[in-house]
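See below for the structure under consideration.
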Amino acid sequence: MLNRKGRRWGADACVVGFSGGGVGAEFGDPLRERMVVPSLKLQDLIEEIRGAKTQAQEREVIQKECAHIRASFRDGDPVHRHRQLAKLLYVHMLGYPAHFGQMECLKLIASSRFTDKRVGYLGAMLLLDERHDAHLLITNSIKNDLSQGIQPVQGLALCTLSTMGSAEMCRDLAPEVEKLLLQPSPYVRKKAILTAVHMIRKVPELSSVFLPPCAQLLHERHHGKAVGPPILCFRSMDRRIENRMGTPAHRRRVVHTHRHTRNRLSCPWPPPFTSPTLTPGILLGTITLITELCERSPAALRHFRKVVPQLVHILRTLVTMGYSTEHSISGVSDPFLQVQILRLLRILGRNHEESSETMNDLLAQVATNTDTSRNAGNAVLFETVLTIMDIRSAAGLRVLAVNILGRFLLNSDRNIRYVALTSLLRLVQSDHSAVQRHRPTVVECLRETDASLSRRALELSLALVNSSNVRAMMQELQAFLESCPPDLRADCASGILLAAERFAPTKRWHIDTILHVLTTAGTHVRDDAVANLTQLIGGAQELHAYSVRRLYNALAEDISQQPLVQVAAWCIGEYGDLLLAGNCEEIEPLQVDEEEVLALLEKVLQSHMSLPATRGYALTALMKLSTRLCGDNNRIRQVVSIYGSCLDVELQQRAVEYDTLFRKYDHMRAAILEKMPLVERDGPQADEEAKESKEAAQLSEAAPVPTEPQASQLLDLLDLLDGASGDVQHPPHLDPSPGGALVHLLDLPCVPPPPAPIPDLKVFEREGVQLNLSFIRPPENPALLLITITATNFSEGDVTHFICQAAVPKSLQLQLQAPSGNTVPARGGLPITQLFRILNPNKAPLRLKLRLTYDHFHQSVQEIFEVNNLPVESWQ
């Protein structure tokens, strides 16, 4: 409603939110109205910006209003400063620059009016951070406000400090926050606790400051206390606060009716002296603060292990006290507090037998009594499972935890199923038999339409494969391979190949499995699949005929799968005579003549789908068939001569050499193109065999060494070649030195002894993070030094965003290889390795300068140091 002069009357003059400046704020004298630069109100500015049809119109409105705001700041209008800053904050939230309002935030914070302080603190949280030096200027203002007894002002200061407080501010204001932790007001205590959590994260050294109050805060019994509804409007609350702050009360109070009070309760506002709602969170904040202390301070961890019985009692009370309308969510009593207590118990019980024993019965009670029909109960159960698996719990309790995750797999919510699959994947190594019971359910999850669920189910299924279920699991995985999404096909094929290589019951089953993978997803298999299969076929002599017939049939059906074509061409070239013989009893008889085999290989050579490497396999197969076929080789010679002018250099060189073999060295062709000898395999089985041979060699070294000279033993071996069975007359002792007669007699080259290994070197250690260097100098290139950087983490927190950079003197050349990752898991997890290649042709003294950057315990760490104590063997 407007009066005769166009001004607002009644409730319209009481503007809610940032647009208001108190009752009567718009009734100034005409002289001051003429001096103030006319500008829009916050509500009118929002309407005009939303009404802009184009981005150019929006920019024009904002630029014009920002000009008015700057002019108002220059004029130094203290009455309307908070209104202008409120509009500037809205502009800032739209993404436009608002840095020129930073100093105005400091002025408003230093003001004695609550209205100014409220907007000033909000602006400080939005416009200031650690990158701006101006944030340190509000330290004294926050300290003064924390020392006052006005709770809303203390709440504003604590919120700002917990949002943008830097390490310097936290160190300066820690004593004031410590005093507020034991204030009688729950509102101030809750905000002080959250501010202490922020301080611990910023400055872990402050743990000793907040350690004593936590023990007293842990005895908090109530979650909150309700009081009656307020009878004053929020604007009169501002006036009441300002009266207590010592400002003159020159405006009348406005008492609202019940209708106005009910309408105002929906508006956002800082709580008054006595909050009209519940004040929950003191105990929850205390548990959060203790968790932060235990994660960052070993002394705090030892201190709070004494309160495990008290935490167990609190959690048991929450579980058994039943339904409460004040604290329950979906029938679960305060699930947020339960989850936080379970996380704290997990930290306190880790690697501690006594604490784990104290909480075992409680965890079993929570796991069996929690309702799983709602999401809140599932969250509590999931945290219970993580706690059981992380502490030293009983075997039966761990089985119960795995069964809970198995029930999660049957839940209709995809998020819960994803969490269950991820957790079971973490437990499959430690509790393999318990997870194995849920294998059918895990296999069912392979058919999920959600790609993330299918990927987790695939990883868990591959981890469940062992020697007893390999046949059944491979059938399921091969069926999944035929219908899985393209982005999962490579992972599935690689997993099947690795599992088959590790747990294959027979060689024939192994060959069939690899052939099925190559036929189904040949283009998605690993690069070493061709070499592994050729080695496997070459080592199974009894399956040569079976393999070549299976591969010939597969090649005749499809020549698009390049790995399959390469293996088939190699096998046909090696065992083409067995293919033509037709004496394989394990499969149906197959009558193949020479012309069909040659035509199929020529088809591979001429196909536009064949890669240059595939054509090389086919050309070599044709060349080898020239010695295994009984017919005329003119057709093969013509094909080889055609590819002598191929554009591909590798294929052209191979064809020219083969043509030369036909023309000039035809008498040697049969001997040169003999079957390939058996090649030693690289893989898990080969690693186990190498390990066994190494152990046998160590046992042989530990055995007593015979006293007979080595020369006599060598002569005994030489005599065996002559077939003499009589007594051997041993010559006198020969000099075993490199220049002795034995070396001249055998005409053996003098092999120098291998160089001594270079010892490893530890160059860095901080808060459980270690950096070790290992050195290798290849004998064929002594000027080259290979340095392997190994980063390990024995702390309780993961190291993320790990980057290691190095520099050497100008006389050396340095090449940095890509690291194996950028995250070092906690508690001695998989380390990060990185290779440095240093070329030192002049054998100059080696000096290394390293720079490490990483995030640890929510802090950024950067270390620059020089390594001068490198072993002399690394550069001389």
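Naming scheme: A, B, ... for chains in displayed order of the structure tokens; residues 1 onward per chain; ligands 1 onward as shown.
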
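Every protein, DNA or RNA residue with an atom at most 10 Å from stretch 872-875 of chain A, where only C-alpha atoms count and chain neighbours fewer than 2 positions away do not, is listed here: Pro755, Ala756, Pro757, Ile758, Pro759, Ser774, Phe775, Ile776, Arg777, Pro782, Ala783, Leu784, Leu785, Leu786, Ile787, Ile838, Leu839, Asn840, Pro841, Asn842, Lys843, Ala844, Pro845, Leu846, Arg847, Asn869 and Leu870 of chain A.
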
Discussion item. Please list as a PyMOL selection string every residue within 8 Å of A:Val188, counting only C-alpha atoms and excluding residues in the same chain fewer than 4 positions away.
Written reply: chain A and resi 151+154-155+180-181+183+192

Practice prompt. Tell me which protein, DNA and RNA residues are within 9 Å of A:Glu459, counting only C-alpha atoms, leaving out same-chain ones fewer than 5 positions away, and put them as a VMD selection string.
Written response: chain A and resid 425 454 464 491 to 492 495

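Residue nearest A:Gly573 within the list A:Arg316, A:Lys675, A:Arg305, A:Arg549: A:Lys675 [criterion: smallest interatomic distance, only C-alpha atoms].
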
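Between atom CA of A:His516 and atom CA of A:Gln475 there is a distance of 10.6 Å.
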
Would you pick out the contacts of A:Val399 at 9 Å or less, using only C-alpha atoms, so that residues sharing its chain but fewer than 5 positions from it are not included, and give the list as an mmCIF file with N, CA, C and O atoms, in the first residue's frame?
```
data_model
loop_
_atom_site.group_PDB
_atom_site.id
_atom_site.type_symbol
_atom_site.label_atom_id
_atom_site.label_comp_id
_atom_site.auth_asym_id
_atom_site.auth_seq_id
_atom_site.Cartn_x
_atom_site.Cartn_y
_atom_site.Cartn_z
ATOM 1 N N ALA A 394 35.619 -61.714 15.447
ATOM 2 C CA ALA A 394 35.556 -63.167 15.425
ATOM 3 C C ALA A 394 35.194 -63.671 14.029
ATOM 4 O O ALA A 394 34.617 -62.943 13.208
ATOM 5 N N ILE A 404 25.337 -60.344 5.211
ATOM 6 C CA ILE A 404 24.588 -59.085 5.072
ATOM 7 C C ILE A 404 24.812 -58.488 3.691
ATOM 8 O O ILE A 404 23.876 -58.033 3.021
ATOM 9 N N ASP A 431 38.368 -63.260 2.996
ATOM 10 C CA ASP A 431 37.286 -64.187 3.352
ATOM 11 C C ASP A 431 36.748 -64.836 2.082
ATOM 12 O O ASP A 431 35.575 -64.686 1.733
ATOM 13 N N ALA A 434 33.765 -67.440 2.504
ATOM 14 C CA ALA A 434 32.479 -66.831 2.855
ATOM 15 C C ALA A 434 31.861 -66.126 1.656
ATOM 16 O O ALA A 434 30.638 -66.196 1.438
ATOM 17 N N VAL A 435 32.669 -65.439 0.872
ATOM 18 C CA VAL A 435 32.145 -64.763 -0.323
ATOM 19 C C VAL A 435 31.748 -65.776 -1.385
ATOM 20 O O VAL A 435 30.810 -65.550 -2.158
#
```

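Reported to one decimal place, the separation of atom CA of A:Pro779 from atom CA of A:Gln834 is 21.4 Å.
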
Worksheet entry | Polymer residues at most 12 Å from stretch 88-101 of chain A, only C-alpha atoms, same-chain spacing of 4 or more positions, as a ChimeraX atom specification | /A:18-19,40-43,45-46,49-50,55,58-74,81-84,105-108,119-129,132,134

With C-alpha atoms retained, could you export that selection as a PDB file, in the first residue's frame?
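Below is the file that was written, selection-v6.pdb:
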```
ATOM      1  CA  PHE A  18      18.603  -8.955   2.918  1.00  0.00           C
ATOM      2  CA  SER A  19      16.393  -6.264   1.439  1.00  0.00           C
ATOM      3  CA  LEU A  40      17.291  -0.990  -7.304  1.00  0.00           C
ATOM      4  CA  LYS A  41      16.287  -2.970  -4.286  1.00  0.00           C
ATOM      5  CA  LEU A  42      17.341  -6.575  -4.033  1.00  0.00           C
ATOM      6  CA  GLN A  43      13.911  -7.909  -4.876  1.00  0.00           C
ATOM      7  CA  LEU A  45      17.054  -6.444  -9.042  1.00  0.00           C
ATOM      8  CA  ILE A  46      16.233 -10.145  -8.973  1.00  0.00           C
ATOM      9  CA  ILE A  49      17.593  -9.959 -14.014  1.00  0.00           C
ATOM     10  CA  ARG A  50      15.149 -12.837 -14.358  1.00  0.00           C
ATOM     11  CA  GLN A  55      22.391 -12.504 -21.931  1.00  0.00           C
ATOM     12  CA  GLU A  58      21.307  -9.354 -18.221  1.00  0.00           C
ATOM     13  CA  ARG A  59      24.890  -8.065 -18.428  1.00  0.00           C
ATOM     14  CA  GLU A  60      23.610  -4.527 -19.019  1.00  0.00           C
ATOM     15  CA  VAL A  61      21.393  -4.648 -15.929  1.00  0.00           C
ATOM     16  CA  ILE A  62      24.168  -6.058 -13.772  1.00  0.00           C
ATOM     17  CA  GLN A  63      26.784  -3.583 -15.011  1.00  0.00           C
ATOM     18  CA  LYS A  64      24.469  -0.653 -14.338  1.00  0.00           C
ATOM     19  CA  GLU A  65      23.651  -1.886 -10.842  1.00  0.00           C
ATOM     20  CA  CYS A  66      27.320  -2.631 -10.071  1.00  0.00           C
ATOM     21  CA  ALA A  67      28.105   0.961 -10.991  1.00  0.00           C
ATOM     22  CA  HIS A  68      25.510   2.148  -8.440  1.00  0.00           C
ATOM     23  CA  ILE A  69      26.967  -0.231  -5.846  1.00  0.00           C
ATOM     24  CA  ARG A  70      30.499   1.115  -6.423  1.00  0.00           C
ATOM     25  CA  ALA A  71      29.246   4.684  -6.131  1.00  0.00           C
ATOM     26  CA  SER A  72      27.502   3.845  -2.872  1.00  0.00           C
ATOM     27  CA  PHE A  73      30.681   2.241  -1.513  1.00  0.00           C
ATOM     28  CA  ARG A  74      32.672   5.364  -2.478  1.00  0.00           C
ATOM     29  CA  ARG A  81      25.946  -0.610   2.954  1.00  0.00           C
ATOM     30  CA  HIS A  82      24.506  -4.001   3.911  1.00  0.00           C
ATOM     31  CA  ARG A  83      21.787  -3.632   1.225  1.00  0.00           C
ATOM     32  CA  GLN A  84      24.362  -2.928  -1.467  1.00  0.00           C
ATOM     33  CA  CYS A 105      32.641  -7.123   4.156  1.00  0.00           C
ATOM     34  CA  LEU A 106      35.347  -6.205   6.658  1.00  0.00           C
ATOM     35  CA  LYS A 107      33.585  -2.911   7.473  1.00  0.00           C
ATOM     36  CA  LEU A 108      30.258  -4.616   8.039  1.00  0.00           C
ATOM     37  CA  VAL A 119      25.538  -9.670   5.770  1.00  0.00           C
ATOM     38  CA  GLY A 120      29.238  -8.990   6.359  1.00  0.00           C
ATOM     39  CA  TYR A 121      29.939 -12.507   7.592  1.00  0.00           C
ATOM     40  CA  LEU A 122      27.967 -13.974   4.703  1.00  0.00           C
ATOM     41  CA  GLY A 123      29.987 -11.892   2.257  1.00  0.00           C
ATOM     42  CA  ALA A 124      33.239 -12.984   3.897  1.00  0.00           C
ATOM     43  CA  MET A 125      32.291 -16.641   3.462  1.00  0.00           C
ATOM     44  CA  LEU A 126      31.495 -16.082  -0.218  1.00  0.00           C
ATOM     45  CA  LEU A 127      34.124 -13.569  -1.317  1.00  0.00           C
ATOM     46  CA  LEU A 128      37.160 -14.375   0.855  1.00  0.00           C
ATOM     47  CA  ASP A 129      39.383 -17.423   1.125  1.00  0.00           C
ATOM     48  CA  HIS A 132      43.288 -13.389  -0.424  1.00  0.00           C
ATOM     49  CA  ALA A 134      42.401  -9.661   3.275  1.00  0.00           C
TER      50      ALA A 134
END
```

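Remark: for A:Ala379, the closest of the candidate residues A:Phe336, A:Tyr187, A:Tyr643, A:Tyr418 is A:Phe336 (distances computed over only C-alpha atoms).
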
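Residue nearest A:Val307 within the list A:Gly165, A:Gly539, A:Gly349, A:Pro819: A:Gly349 [criterion: smallest interatomic distance, only C-alpha atoms].
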
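For the pair atom CA of A:Ser860 and atom CA of A:Ala300, the interatomic distance is 22.5 Å.
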
Fill in: A:Ala599 surroundings by only C-alpha atoms, 12 Å radius, close-in-sequence under 3 positions cut, as number ranges by chain
A: 555-556, 592-596, 602-606, 618, 622, 635-636, 639

Restricting the output to N, CA and C atoms, write the selected residues as a short mmCIF file (atom, residue, chain, number, x, y, z; two decimals), in the first residue's frame.
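What landed in out32.cif:
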```
data_model
loop_
_atom_site.label_atom_id
_atom_site.label_comp_id
_atom_site.auth_asym_id
_atom_site.auth_seq_id
_atom_site.Cartn_x
_atom_site.Cartn_y
_atom_site.Cartn_z
N LEU A 555 39.04 -70.30 -38.94
CA LEU A 555 39.50 -69.35 -39.95
C LEU A 555 38.64 -69.41 -41.20
N ALA A 556 38.17 -70.59 -41.56
CA ALA A 556 37.31 -70.70 -42.74
C ALA A 556 35.97 -70.00 -42.53
N VAL A 592 40.68 -82.11 -46.30
CA VAL A 592 41.18 -80.83 -46.79
C VAL A 592 42.30 -81.12 -47.79
N ASP A 593 42.25 -80.46 -48.95
CA ASP A 593 43.32 -80.62 -49.91
C ASP A 593 44.20 -79.38 -49.90
N GLU A 594 45.30 -79.47 -50.61
CA GLU A 594 46.29 -78.40 -50.61
C GLU A 594 45.75 -77.12 -51.20
N GLU A 595 44.93 -77.23 -52.24
CA GLU A 595 44.42 -76.04 -52.90
C GLU A 595 43.53 -75.23 -51.98
N GLU A 596 42.73 -75.88 -51.13
CA GLU A 596 41.85 -75.17 -50.22
C GLU A 596 42.66 -74.40 -49.16
N GLU A 602 45.63 -67.17 -49.13
CA GLU A 602 45.63 -66.07 -50.09
C GLU A 602 44.46 -65.12 -49.84
N LYS A 603 43.34 -65.68 -49.39
CA LYS A 603 42.20 -64.83 -49.05
C LYS A 603 42.54 -63.90 -47.88
N VAL A 604 43.28 -64.43 -46.92
CA VAL A 604 43.71 -63.60 -45.79
C VAL A 604 44.64 -62.50 -46.27
N LEU A 605 45.56 -62.83 -47.19
CA LEU A 605 46.49 -61.83 -47.71
C LEU A 605 45.79 -60.73 -48.49
N GLN A 606 44.72 -61.08 -49.18
CA GLN A 606 44.04 -60.11 -50.03
C GLN A 606 42.93 -59.36 -49.32
N ALA A 618 50.47 -64.76 -42.53
CA ALA A 618 49.97 -65.57 -43.64
C ALA A 618 51.08 -65.85 -44.66
N LEU A 622 52.52 -69.53 -45.74
CA LEU A 622 52.65 -70.05 -47.11
C LEU A 622 54.07 -70.55 -47.38
N ARG A 635 52.78 -71.93 -57.23
CA ARG A 635 51.75 -70.99 -56.76
C ARG A 635 52.25 -70.18 -55.57
N ILE A 636 52.95 -70.84 -54.67
CA ILE A 636 53.49 -70.13 -53.50
C ILE A 636 54.55 -69.14 -53.95
N VAL A 639 52.93 -65.96 -55.34
CA VAL A 639 52.37 -65.08 -54.30
C VAL A 639 53.50 -64.33 -53.60
#
```

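If only C-alpha atoms are the atoms counted, then among A:Lys202, A:Arg766, A:Arg851, A:His438 the closest residue to A:Leu410 is A:His438.
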
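Using only C-alpha atoms for every distance, the candidate list A:Ala493, A:Gln436, A:Thr160, A:Trp509 yields A:Trp509 as the residue closest to A:Arg471.
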